[in-house]
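Colleague: Next comes model_5.txt, compact mmCIF, C-alpha atoms:
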```txt
# COMPACT_ATOMS: atom_id res chain seq x y z
CA MET I 270 -7.11 -6.75 -14.60
CA GLU I 271 -9.86 -6.96 -17.17
CA ASN I 272 -12.32 -9.81 -16.98
CA HIS I 273 -13.83 -10.73 -13.65
CA SER I 274 -16.15 -13.62 -13.05
CA THR I 275 -19.72 -13.08 -12.04
CA SER I 276 -18.87 -14.69 -8.71
CA SER I 277 -17.35 -11.38 -7.58
CA THR I 278 -19.77 -8.75 -6.35
CA ALA I 279 -20.63 -5.33 -7.70
CA GLN I 280 -19.04 -3.86 -4.58
CA VAL I 281 -15.76 -5.65 -5.33
CA ARG I 282 -15.92 -4.49 -8.95
CA LEU I 283 -16.38 -0.88 -7.80
CA ASP I 284 -13.13 -1.27 -5.84
CA ILE I 285 -11.48 -2.67 -8.96
CA LEU I 286 -12.74 0.20 -11.11
CA ILE I 287 -11.45 2.85 -8.72
CA GLU I 288 -8.05 1.15 -8.69
CA GLU I 289 -8.01 0.73 -12.48
CA ILE I 290 -8.50 4.44 -13.14
CA ASN I 291 -6.14 5.45 -10.33
CA THR I 292 -8.67 7.48 -8.41
CA THR I 293 -10.43 7.86 -5.06
CA ASP I 294 -13.92 8.14 -3.60
CA PRO I 295 -13.81 11.97 -3.40
CA ILE I 296 -12.84 12.28 -7.06
CA ILE I 297 -15.71 10.03 -8.16
CA ALA I 298 -18.05 11.99 -5.89
CA LYS I 299 -16.84 15.28 -7.35
CA GLU I 300 -17.40 14.00 -10.90
CA ILE I 301 -20.93 12.84 -10.04
CA ALA I 302 -21.69 16.25 -8.56
CA ARG I 303 -20.27 18.05 -11.61
CA VAL I 304 -22.23 16.15 -14.28
CA ASN I 305 -25.45 16.38 -12.27
CA GLY I 306 -25.09 20.09 -11.59
CA LYS I 307 -24.89 19.57 -7.85
CA ARG I 308 -22.79 21.66 -5.50
CA HIS I 309 -21.81 18.63 -3.46
CA TYR I 310 -21.93 14.84 -3.53
CA SER I 311 -20.70 13.06 -0.42
CA LYS I 312 -17.62 10.88 -0.80
CA SER I 313 -19.17 8.56 1.80
CA ALA I 314 -22.02 7.98 -0.67
CA VAL I 315 -19.42 6.36 -2.94
CA ALA I 316 -17.53 4.56 -0.18
CA ALA I 317 -20.78 3.05 1.12
CA PHE I 318 -21.06 0.87 -2.01
CA ARG I 319 -17.44 -0.33 -2.05
CA ALA I 320 -16.49 -3.75 -0.71
CA SER I 321 -13.69 -2.01 1.17
CA GLY I 322 -16.19 0.52 2.52
CA GLY I 323 -19.77 0.02 3.62
CA ASN I 324 -20.33 -2.93 1.24
CA LYS I 325 -23.95 -1.90 0.75
CA VAL I 326 -26.16 -2.97 -2.14
CA MET I 327 -25.92 -0.34 -4.87
CA SER I 328 -29.02 1.78 -5.17
CA PRO I 329 -30.60 2.51 -8.58
CA GLN I 330 -29.85 6.19 -8.02
CA PHE I 331 -26.15 5.56 -7.45
CA LEU I 332 -25.95 3.36 -10.56
CA ALA I 333 -27.62 6.09 -12.59
CA ASP I 334 -25.26 8.70 -11.13
CA ILE I 335 -22.05 6.78 -11.79
CA LYS I 336 -23.20 5.78 -15.29
CA LYS I 337 -23.69 9.45 -16.13
CA ALA I 338 -20.47 10.56 -14.46
CA LEU I 339 -18.32 7.86 -16.10
CA PRO I 340 -19.79 7.36 -19.59
CA PHE I 341 -16.88 5.08 -20.56
CA LEU I 342 -17.93 2.58 -17.87
CA ASN I 343 -19.63 -0.65 -18.94
CA ILE I 344 -22.46 -0.64 -16.42
CA ASN I 345 -23.26 -4.29 -17.17
CA TRP I 346 -19.77 -5.18 -16.01
CA LEU I 347 -20.24 -3.23 -12.79
CA VAL I 348 -23.66 -4.70 -11.98
CA HIS I 349 -23.42 -8.21 -13.43
CA GLY I 350 -19.73 -8.81 -14.13
CA LEU I 351 -20.29 -9.08 -17.89
CA GLY I 352 -17.44 -8.16 -20.23
CA ASN I 353 -14.79 -5.58 -19.36
CA TRP I 354 -15.05 -2.41 -17.32
CA LEU I 355 -14.31 -0.24 -20.37
CA LYS I 356 -17.06 0.16 -22.95
CA GLU I 357 -16.35 -0.73 -26.56
CA TRP I 358 -15.92 2.86 -27.65
CA THR I 359 -14.82 4.07 -31.05
CA PRO I 360 -11.69 6.23 -31.32
CA LYS I 361 -14.01 9.22 -31.87
CA ASN I 362 -15.92 8.46 -28.64
CA LYS I 363 -12.65 8.37 -26.73
CA LYS I 364 -11.34 11.55 -28.31
CA ASP I 365 -14.58 13.45 -27.72
CA TYR I 366 -14.74 12.42 -24.06
CA ILE I 367 -11.17 13.55 -23.36
CA THR I 368 -11.01 16.71 -25.47
CA LYS I 369 -14.31 18.04 -24.12
CA SER I 370 -13.22 17.61 -20.50
CA ASN I 371 -12.11 20.51 -18.32
CA TRP I 372 -8.95 18.53 -17.57
CA TYR I 373 -7.95 18.64 -21.24
CA LYS I 374 -8.99 22.25 -21.70
CA SER I 375 -6.82 23.33 -18.77
CA LYS I 376 -3.69 21.94 -20.45
CA PRO I 377 -1.27 24.17 -22.38
CA LYS I 378 -0.84 23.54 -26.09
CA ALA I 379 2.74 22.34 -25.69
CA ALA I 380 4.72 20.97 -22.77
CA SER I 381 7.38 23.00 -21.01
CA ALA I 382 10.95 21.70 -20.82
CA GLY I 383 11.65 19.17 -18.07
CA GLU I 384 7.98 18.35 -17.48
CA GLU I 385 7.67 14.91 -15.83
CA ASN I 386 3.91 14.54 -16.28
CA PRO I 387 3.29 11.95 -19.06
CA TYR I 388 0.45 14.09 -20.44
CA PRO I 389 1.43 17.70 -19.69
CA SER I 390 -0.08 19.26 -22.81
CA LYS I 391 -2.84 19.00 -25.41
CA GLU I 392 -0.17 18.04 -27.94
CA LYS I 393 0.92 14.97 -25.95
CA ILE I 394 -2.66 13.90 -25.26
CA ASN I 395 -3.62 14.23 -28.92
CA GLN I 396 -0.65 12.10 -29.93
CA ALA I 397 -1.73 9.36 -27.51
CA LEU I 398 -5.32 9.50 -28.78
CA LYS I 399 -4.34 9.17 -32.44
CA ASN I 400 -4.24 5.38 -32.65
CA GLY I 401 -7.45 5.06 -30.61
CA THR I 402 -6.30 1.98 -28.67
CA ASP I 403 -7.86 0.99 -25.36
CA THR I 404 -4.40 0.84 -23.78
CA ASN I 405 -3.60 4.49 -24.47
CA PHE I 406 -7.09 5.56 -23.49
CA LYS I 407 -6.81 3.80 -20.13
CA ILE I 408 -3.48 5.49 -19.44
CA ILE I 409 -5.02 8.87 -20.23
CA LEU I 410 -7.98 8.10 -17.97
CA ARG I 411 -5.58 7.30 -15.13
CA ALA I 412 -3.86 10.64 -15.64
CA LYS I 413 -7.19 12.48 -15.79
CA PHE I 414 -8.61 10.88 -12.66
CA ALA I 415 -5.40 11.30 -10.67
CA THR I 416 -6.48 14.90 -10.06
CA THR I 417 -7.66 15.19 -6.48
CA TYR I 418 -10.59 17.05 -5.04
CA ALA I 419 -8.08 19.73 -4.03
CA ARG I 420 -8.16 22.00 -7.07
CA LYS I 421 -5.51 21.30 -9.72
CA SER I 422 -3.45 19.19 -7.33
CA LYS I 423 -2.34 15.61 -7.79
CA LEU I 424 -2.52 12.45 -5.76
CA ARG I 425 0.46 12.49 -3.44
CA SER I 426 3.46 10.81 -5.04
CA ASP I 427 4.89 9.75 -1.67
CA ILE I 428 1.99 7.42 -0.88
CA ASN I 429 3.05 3.80 -0.53
CA LYS I 430 0.11 2.28 -2.38
CA ASP I 431 1.28 -1.30 -1.83
CA LEU I 432 1.36 -0.71 1.91
CA CYS I 433 -2.10 0.88 1.82
CA LYS I 434 -3.40 -2.10 -0.15
CA ARG I 435 -1.98 -4.48 2.46
CA VAL I 436 -3.80 -2.57 5.20
CA ARG I 437 -7.02 -3.15 3.29
CA GLU I 438 -6.10 -6.80 2.66
CA LEU I 439 -5.54 -7.25 6.39
CA ARG I 440 -8.93 -5.76 7.19
CA MET I 441 -10.69 -7.89 4.57
CA SER I 442 -8.90 -11.05 5.75
CA ARG I 443 -10.59 -10.72 9.13
CA ASP I 444 -14.06 -10.64 7.61
CA PRO I 445 -14.92 -9.60 4.02
CA GLN I 446 -18.14 -8.11 5.37
CA GLU I 447 -16.37 -5.99 7.99
CA SER I 448 -16.84 -2.35 7.03
CA GLN I 449 -14.25 0.39 7.33
CA ASN I 450 -16.36 1.99 10.03
CA TYR I 451 -16.56 -1.19 12.14
CA PHE I 452 -12.87 -1.95 11.72
CA ALA I 453 -11.88 1.59 12.65
CA GLU I 454 -14.12 2.16 15.64
CA THR I 455 -14.57 -1.35 17.08
CA THR I 456 -11.33 -3.13 16.22
CA MET I 457 -8.85 -0.27 16.17
CA GLY I 458 -10.52 2.30 18.40
CA GLU I 459 -9.91 5.02 15.80
CA LYS I 460 -11.99 7.30 13.63
CA LYS I 461 -13.11 5.98 10.27
CA THR I 462 -11.26 8.75 8.42
CA ILE I 463 -7.85 7.19 9.00
CA ILE I 464 -8.98 3.93 7.35
CA THR I 465 -10.64 5.66 4.40
CA ASN I 466 -7.64 7.94 3.90
CA VAL I 467 -5.18 5.05 3.91
CA GLU I 468 -7.26 2.75 1.71
CA SER I 469 -7.96 5.61 -0.72
CA PHE I 470 -4.24 6.44 -0.99
CA ARG I 471 -4.65 9.87 0.57
CA GLN I 472 -2.14 9.21 3.34
CA ASN I 473 0.39 6.65 4.47
CA PRO I 474 -0.50 4.87 7.71
CA PRO I 475 1.32 6.66 10.54
CA ILE I 476 3.74 4.85 12.82
CA PHE I 477 1.32 4.68 15.74
CA PHE I 478 -1.28 3.08 13.46
CA ILE I 479 1.18 0.47 12.17
CA LYS I 480 2.00 -0.54 15.74
CA LYS I 481 -1.66 -0.58 16.66
CA LEU I 482 -2.45 -2.88 13.72
CA LYS I 483 -0.05 -5.45 15.14
CA GLU I 484 -1.49 -5.03 18.62
CA LYS I 485 -5.15 -5.31 17.59
CA CYS I 486 -4.95 -7.76 14.68
CA SER I 487 -2.67 -10.40 16.20
CA ASP I 488 -3.94 -13.39 18.13
CA VAL I 489 -2.18 -12.85 21.44
CA PRO I 490 -2.91 -14.89 24.59
CA GLY I 491 -4.07 -13.14 27.74
CA SER I 492 -1.69 -11.88 30.40
CA SER I 493 -2.08 -15.10 32.40
CA GLU I 494 -0.58 -17.04 29.50
CA VAL I 495 2.45 -14.84 28.89
CA LEU I 496 4.88 -17.31 30.45
CA THR I 497 3.38 -20.43 28.84
CA PRO I 498 4.86 -22.00 25.70
CA ALA I 499 1.75 -21.10 23.71
CA ILE I 500 2.18 -20.27 20.06
CA ARG I 501 1.23 -16.73 19.26
CA ARG I 502 -0.11 -15.86 15.84
CA ARG I 503 1.14 -12.37 15.18
CA LEU I 504 0.87 -9.91 12.34
CA SER I 505 4.19 -9.75 10.51
CA TYR I 506 5.77 -6.31 10.18
CA ASP I 507 7.84 -7.67 7.28
CA TRP I 508 4.66 -8.52 5.39
CA LEU I 509 2.87 -5.31 6.30
CA LEU I 510 5.71 -2.89 5.57
CA ASP I 511 7.62 -4.67 2.80
CA GLY I 512 5.23 -7.31 1.46
CA LYS I 513 7.63 -10.12 2.37
CA GLY I 514 6.60 -13.47 3.81
CA GLU I 515 3.20 -14.36 5.22
CA MET I 516 0.64 -12.00 6.72
CA PHE I 517 0.79 -13.82 10.05
CA ILE I 518 3.64 -15.72 11.64
CA ASP I 519 3.55 -18.22 14.48
CA GLN I 520 5.98 -17.29 17.22
CA ARG I 521 6.68 -19.56 20.19
CA ASN I 522 7.94 -17.95 23.39
CA LEU I 523 8.42 -14.58 21.74
CA PRO I 524 10.96 -12.75 23.93
CA LEU I 525 9.55 -9.70 25.63
CA PRO I 526 11.53 -6.54 26.40
CA GLU I 527 12.64 -6.08 29.99
CA LYS I 528 10.63 -2.89 30.03
CA PRO I 529 7.75 -2.94 27.56
CA ALA I 530 8.12 -0.22 24.97
CA LYS I 531 5.87 2.72 25.59
CA LYS I 532 2.98 2.91 23.18
CA PRO I 533 2.99 6.30 21.48
CA GLU I 534 -0.10 8.40 21.67
CA ARG I 535 -1.70 9.45 18.44
CA ASP I 536 0.29 12.18 16.66
CA LYS I 537 2.90 12.19 19.46
CA ILE I 538 6.63 11.68 19.09
CA ASP I 539 7.66 8.09 19.80
CA TYR I 540 10.71 8.80 21.94
CA GLU I 541 11.57 5.13 22.46
CA LEU I 542 11.58 4.48 18.72
CA CYS I 543 13.76 7.53 18.06
CA LYS I 544 16.12 6.41 20.82
CA ARG I 545 16.55 3.00 19.16
CA ILE I 546 17.41 4.70 15.87
CA GLU I 547 20.06 6.73 17.70
CA ILE I 548 21.44 3.51 19.23
CA LEU I 549 21.77 2.02 15.75
CA ARG I 550 23.63 5.08 14.49
CA GLU I 551 26.06 5.00 17.41
CA GLU I 552 26.67 1.26 16.95
CA GLN I 553 27.57 1.94 13.33
CA ASN I 554 30.11 4.55 14.54
CA MET I 555 28.66 7.14 12.20
CA SER I 556 28.02 10.83 12.62
CA LYS I 557 24.58 12.19 11.85
CA THR I 558 25.88 13.45 8.52
CA SER I 559 27.53 10.18 7.47
CA PHE I 560 24.54 8.13 8.67
CA GLY I 561 22.26 10.33 6.59
CA GLU I 562 24.51 9.95 3.55
CA TYR I 563 24.64 6.18 4.04
CA LEU I 564 20.84 5.98 4.14
CA ASN I 565 20.51 8.60 1.39
CA VAL I 566 18.51 10.96 3.58
CA SER I 567 19.21 14.48 4.78
CA ARG I 568 21.15 15.19 7.96
CA SER I 569 18.19 17.22 9.21
CA MET I 570 16.02 14.09 9.13
CA ILE I 571 18.54 12.23 11.30
CA SER I 572 18.92 15.21 13.61
CA GLY I 573 15.16 15.56 13.93
CA MET I 574 15.00 12.10 15.49
CA ALA I 575 18.25 12.27 17.45
CA GLN I 576 17.69 15.09 19.92
CA LYS I 577 16.97 14.59 23.60
CA LYS I 578 13.51 15.72 22.61
CA PRO I 579 13.06 14.52 19.00
CA ARG I 580 11.07 16.78 16.72
CA GLN I 581 9.68 14.10 14.41
CA ASN I 582 8.85 10.43 14.08
CA PRO I 583 10.54 8.39 11.34
CA THR I 584 8.52 7.74 8.22
CA ILE I 585 7.56 4.28 7.00
CA TRP I 586 9.99 4.74 4.12
CA PHE I 587 12.80 5.55 6.56
CA LEU I 588 12.17 2.35 8.55
CA SER I 589 12.28 0.28 5.36
CA ARG I 590 15.52 2.03 4.46
CA LEU I 591 17.02 1.10 7.84
CA LYS I 592 15.99 -2.52 7.32
CA GLU I 593 17.56 -2.53 3.87
CA LYS I 594 20.87 -0.88 4.80
CA VAL I 595 21.75 -1.76 8.42
CA PHE I 596 23.32 -5.15 9.19
CA ASN I 597 25.40 -6.61 12.01
CA GLN I 598 28.73 -8.44 11.71
CA LYS I 599 26.92 -11.72 11.03
CA ASN I 600 25.16 -10.09 8.07
CA GLU I 601 21.85 -10.40 9.88
CA VAL I 602 19.14 -7.87 9.09
CA LEU I 603 17.46 -5.43 11.43
CA SER I 604 14.26 -6.69 13.05
CA TYR I 605 11.15 -4.54 12.70
CA ASP I 606 9.96 -5.98 16.02
CA TRP I 607 12.99 -4.45 17.72
CA ILE I 608 12.97 -1.10 15.97
CA LEU I 609 9.22 -0.57 16.41
CA ASP I 610 8.48 -2.33 19.70
CA GLY I 611 11.85 -2.86 21.37
CA VAL I 612 11.44 -6.65 21.28
CA GLU I 613 14.72 -8.58 21.05
CA PRO I 614 16.56 -9.86 19.11
CA LYS I 615 17.73 -6.70 17.41
CA PHE I 616 18.98 -8.55 14.32
CA ILE I 617 17.56 -11.65 12.69
CA GLU I 618 18.65 -14.04 9.98
CA ASN I 619 18.35 -12.66 6.49
CA SER I 620 15.51 -14.80 5.13
CA SER I 621 16.30 -13.93 1.50
CA SER I 622 19.93 -14.99 1.95
CA SER I 623 18.77 -18.15 3.69
CA GLU I 624 16.44 -18.98 0.82
CA GLU I 625 19.23 -18.38 -1.70
CA SER I 626 21.55 -20.65 0.32
CA ASN I 627 18.92 -23.38 0.43
CA ASP I 628 18.45 -23.10 -3.33
CA THR I 629 22.21 -23.40 -3.84
CA ILE I 630 22.37 -26.48 -1.61
CA GLU I 631 19.52 -28.11 -3.52
CA ARG I 632 21.23 -27.41 -6.84
CA LEU I 633 24.48 -28.92 -5.55
CA LYS I 634 22.65 -32.02 -4.32
CA LYS I 635 21.06 -32.50 -7.73
CA GLU I 636 24.42 -32.04 -9.43
CA ILE I 637 26.03 -34.62 -7.14
CA GLU I 638 23.24 -37.09 -7.89
CA ARG I 639 23.69 -36.48 -11.60
CA LEU I 640 27.44 -37.13 -11.39
CA LYS I 641 26.84 -40.30 -9.37
CA ARG I 642 24.50 -41.62 -12.04
CA GLN I 643 27.08 -40.86 -14.72
CA LEU I 644 29.78 -42.76 -12.82
CA GLU I 645 27.46 -45.71 -12.25
CA GLN I 646 26.61 -45.77 -15.94
CA LYS I 647 30.30 -45.74 -16.90
CA GLU I 648 31.00 -48.66 -14.58
CA ILE I 649 28.18 -50.64 -16.18
CA ASP I 650 29.47 -49.85 -19.67
```
Any chance you could put this one into structure tokens?
Modeller:
Amino acid sequence: MENHSTSSTAQVRLDILIEEINTTDPIIAKEIARVNGKRHYSKSAVAAFRASGGNKVMSPQFLADIKKALPFLNINWLVHGLGNWLKEWTPKNKKDYITKSNWYKSKPKAASAGEENPYPSKEKINQALKNGTDTNFKIILRAKFATTYARKSKLRSDINKDLCKRVRELRMSRDPQESQNYFAETTMGEKKTIITNVESFRQNPPIFFIKKLKEKCSDVPGSSEVLTPAIRRRLSYDWLLDGKGEMFIDQRNLPLPEKPAKKPERDKIDYELCKRIEILREEQNMSKTSFGEYLNVSRSMISGMAQKKPRQNPTIWFLSRLKEKVFNQKNEVLSYDWILDGVEPKFIENSSSSEESNDTIERLKKEIERLKRQLEQKEID
């Protein structure tokens, strides 16, 4: 993502920049504080100027601060959308910026055996800087700015960034001008921190929040219309959790559970959800150990959700794993609506298989038409 038209705003470009260098509001704030000799610079002061945050007009002071903190940034790109986000720096400029940083100075001379970090040592960084290309420099910047505001730690590797991006996309689809604060407090009835943490890749959205997104962001008729054949426009769990299909789906006469699933309180164990996972395991005729092995998770994770009083909620990753691995005899896939909300049917047609079947049918039809034309041509000849 390099060139962006001037039709996009500075606030959108700030979002793009933060994504390009693999960082977060707090890290940018910390860098601004460091170069300006300040003890503290509020992360909300950065978020306020992001399209996904407060969407405010950037102040001259903020522009001066970020220009000083990120000297590689083309400020004309940020303000006016001109050129690329990375300045046209010489190889020496790039080398000086990296090698004079505390991040570089904290690295050992050589990497230890088995180190997974792409730039674990000064030696590796120097090798990458040798050719002076923008590509290598950008990769190094991403590694440098992946350091969090927690000292010497890294951005969590278990964060599902695609899911977090879809949460933001959902919020922006409602109204591009809707701030994180408004969406959190007015739409969701939650504190702003959960939105900022998710959209800044500091945490995965918890189960209760996923369910609440569907509840609050779907167009659902009032209770007096429940029994009418009205079409309900609902947020798709498949899109939200796995990025499949459309953001919203139209559902006519969506079947409701005999007893509506209990809505879990924030940070509480969702007993109904855990019970449905246990039902699935029993239907598969598997022990906790074999079910864990089948899903490639530990037995303790299965046990933690299988007690009379479960100790933990499933993770988003675990739910996706269930969807991927558990089928019925008709080869239908597990429905997120059932597993999360208890809404039947439990299994639904595998849309990917259906699409493949349709493609096969179309290819066969074309082949038949081709053979017919050949036969007709032979008869003419």
Colleague: Kindly indicate which residue among I:Asn400, I:Ser569, I:Thr278, I:Asn619 lies nearest to Trp346 (chain I), using all atoms listed in the file for the distances.
Modeller: I:Thr278
Colleague: How close does each residue of region 295-345 of chain I get to region 428-442 of chain I, giving the shortest atom pair and distance in Å to one decimal for every residue with an atom at most 10 Å away, counting all atoms listed in the file, sorted by chain and residue number, as JSON lines?
Modeller:
```
{"residue": "I:Ala320", "atom": "CA", "partner": "I:Met441", "partner_atom": "CA", "distance": 8.9}
{"residue": "I:Ser321", "atom": "CA", "partner": "I:Arg437", "partner_atom": "CA", "distance": 7.1}
{"residue": "I:Gly322", "atom": "CA", "partner": "I:Arg437", "partner_atom": "CA", "distance": 9.9}
```
Colleague: Go through I:Lys480, I:Lys312, I:Lys393, I:Lys634 and flag the residue nearest Lys299 (chain I), using all atoms listed in the file for the distances.
Modeller: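 Among I:Lys480, I:Lys312, I:Lys393, I:Lys634, it is I:Lys312 that comes nearest to Lys299 (chain I).
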Colleague: Between CA of Ala575 (chain I) and CA of Lys481 (chain I), what is the distance in Å, rounded to a tenth?
Modeller: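 Distance between the two atoms: 23.7 Å.
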Colleague: Excluding same-chain residues fewer than 5 positions from Leu286 (chain I), what lies within 10 Å of it counting all atoms listed in the file, as a PyMOL selection string?
Modeller: chain I and resi 270-271+280-281+291-292+342+347+354-355
Colleague: What lies within 8 Å of Val315 (chain I) using only C-alpha atoms, ignoring chain neighbours under 6 positions off, as a VMD selection string?
Modeller: chain I and resid 294 to 295 297 to 298
Colleague: Assuming 8 Å of padding per side, give the centre and edge lengths of the axis-aligned box around every listed atom of region 551-557 of chain I, in Å to one decimal and as JSON.
Modeller:
```
{"center_x": 27.3, "center_y": 6.7, "center_z": 14.6, "size_x": 21.5, "size_y": 26.9, "size_z": 21.6}
```
Colleague: State, in Å with one decimal place, the distance from CA of Lys364 (chain I) to CA of His309 (chain I).
Modeller: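 Distance reported for this atom pair: 27.9 Å.
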Colleague: CA of Asp403 (chain I) and CA of Lys356 (chain I), how far apart in Å?
Modeller: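 Rounded to one decimal, the two atoms are 9.5 Å apart.
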Colleague: I need every residue sitting at most 8 Å from the point (16.8, 9.3, 11.5) (coordinates as in the file, all atoms listed in the file considered), written as a PyMOL selection string.
Modeller: chain I and resi 543+546-547+561+570-575+583+587
Colleague: Measuring between only C-alpha atoms, which one of I:Pro329, I:Ala453, I:Leu564, I:Ser505 shows the shortest distance to Glu468 (chain I)?
Modeller: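 Smallest separation from Glu468 (chain I) among the options: I:Ala453.
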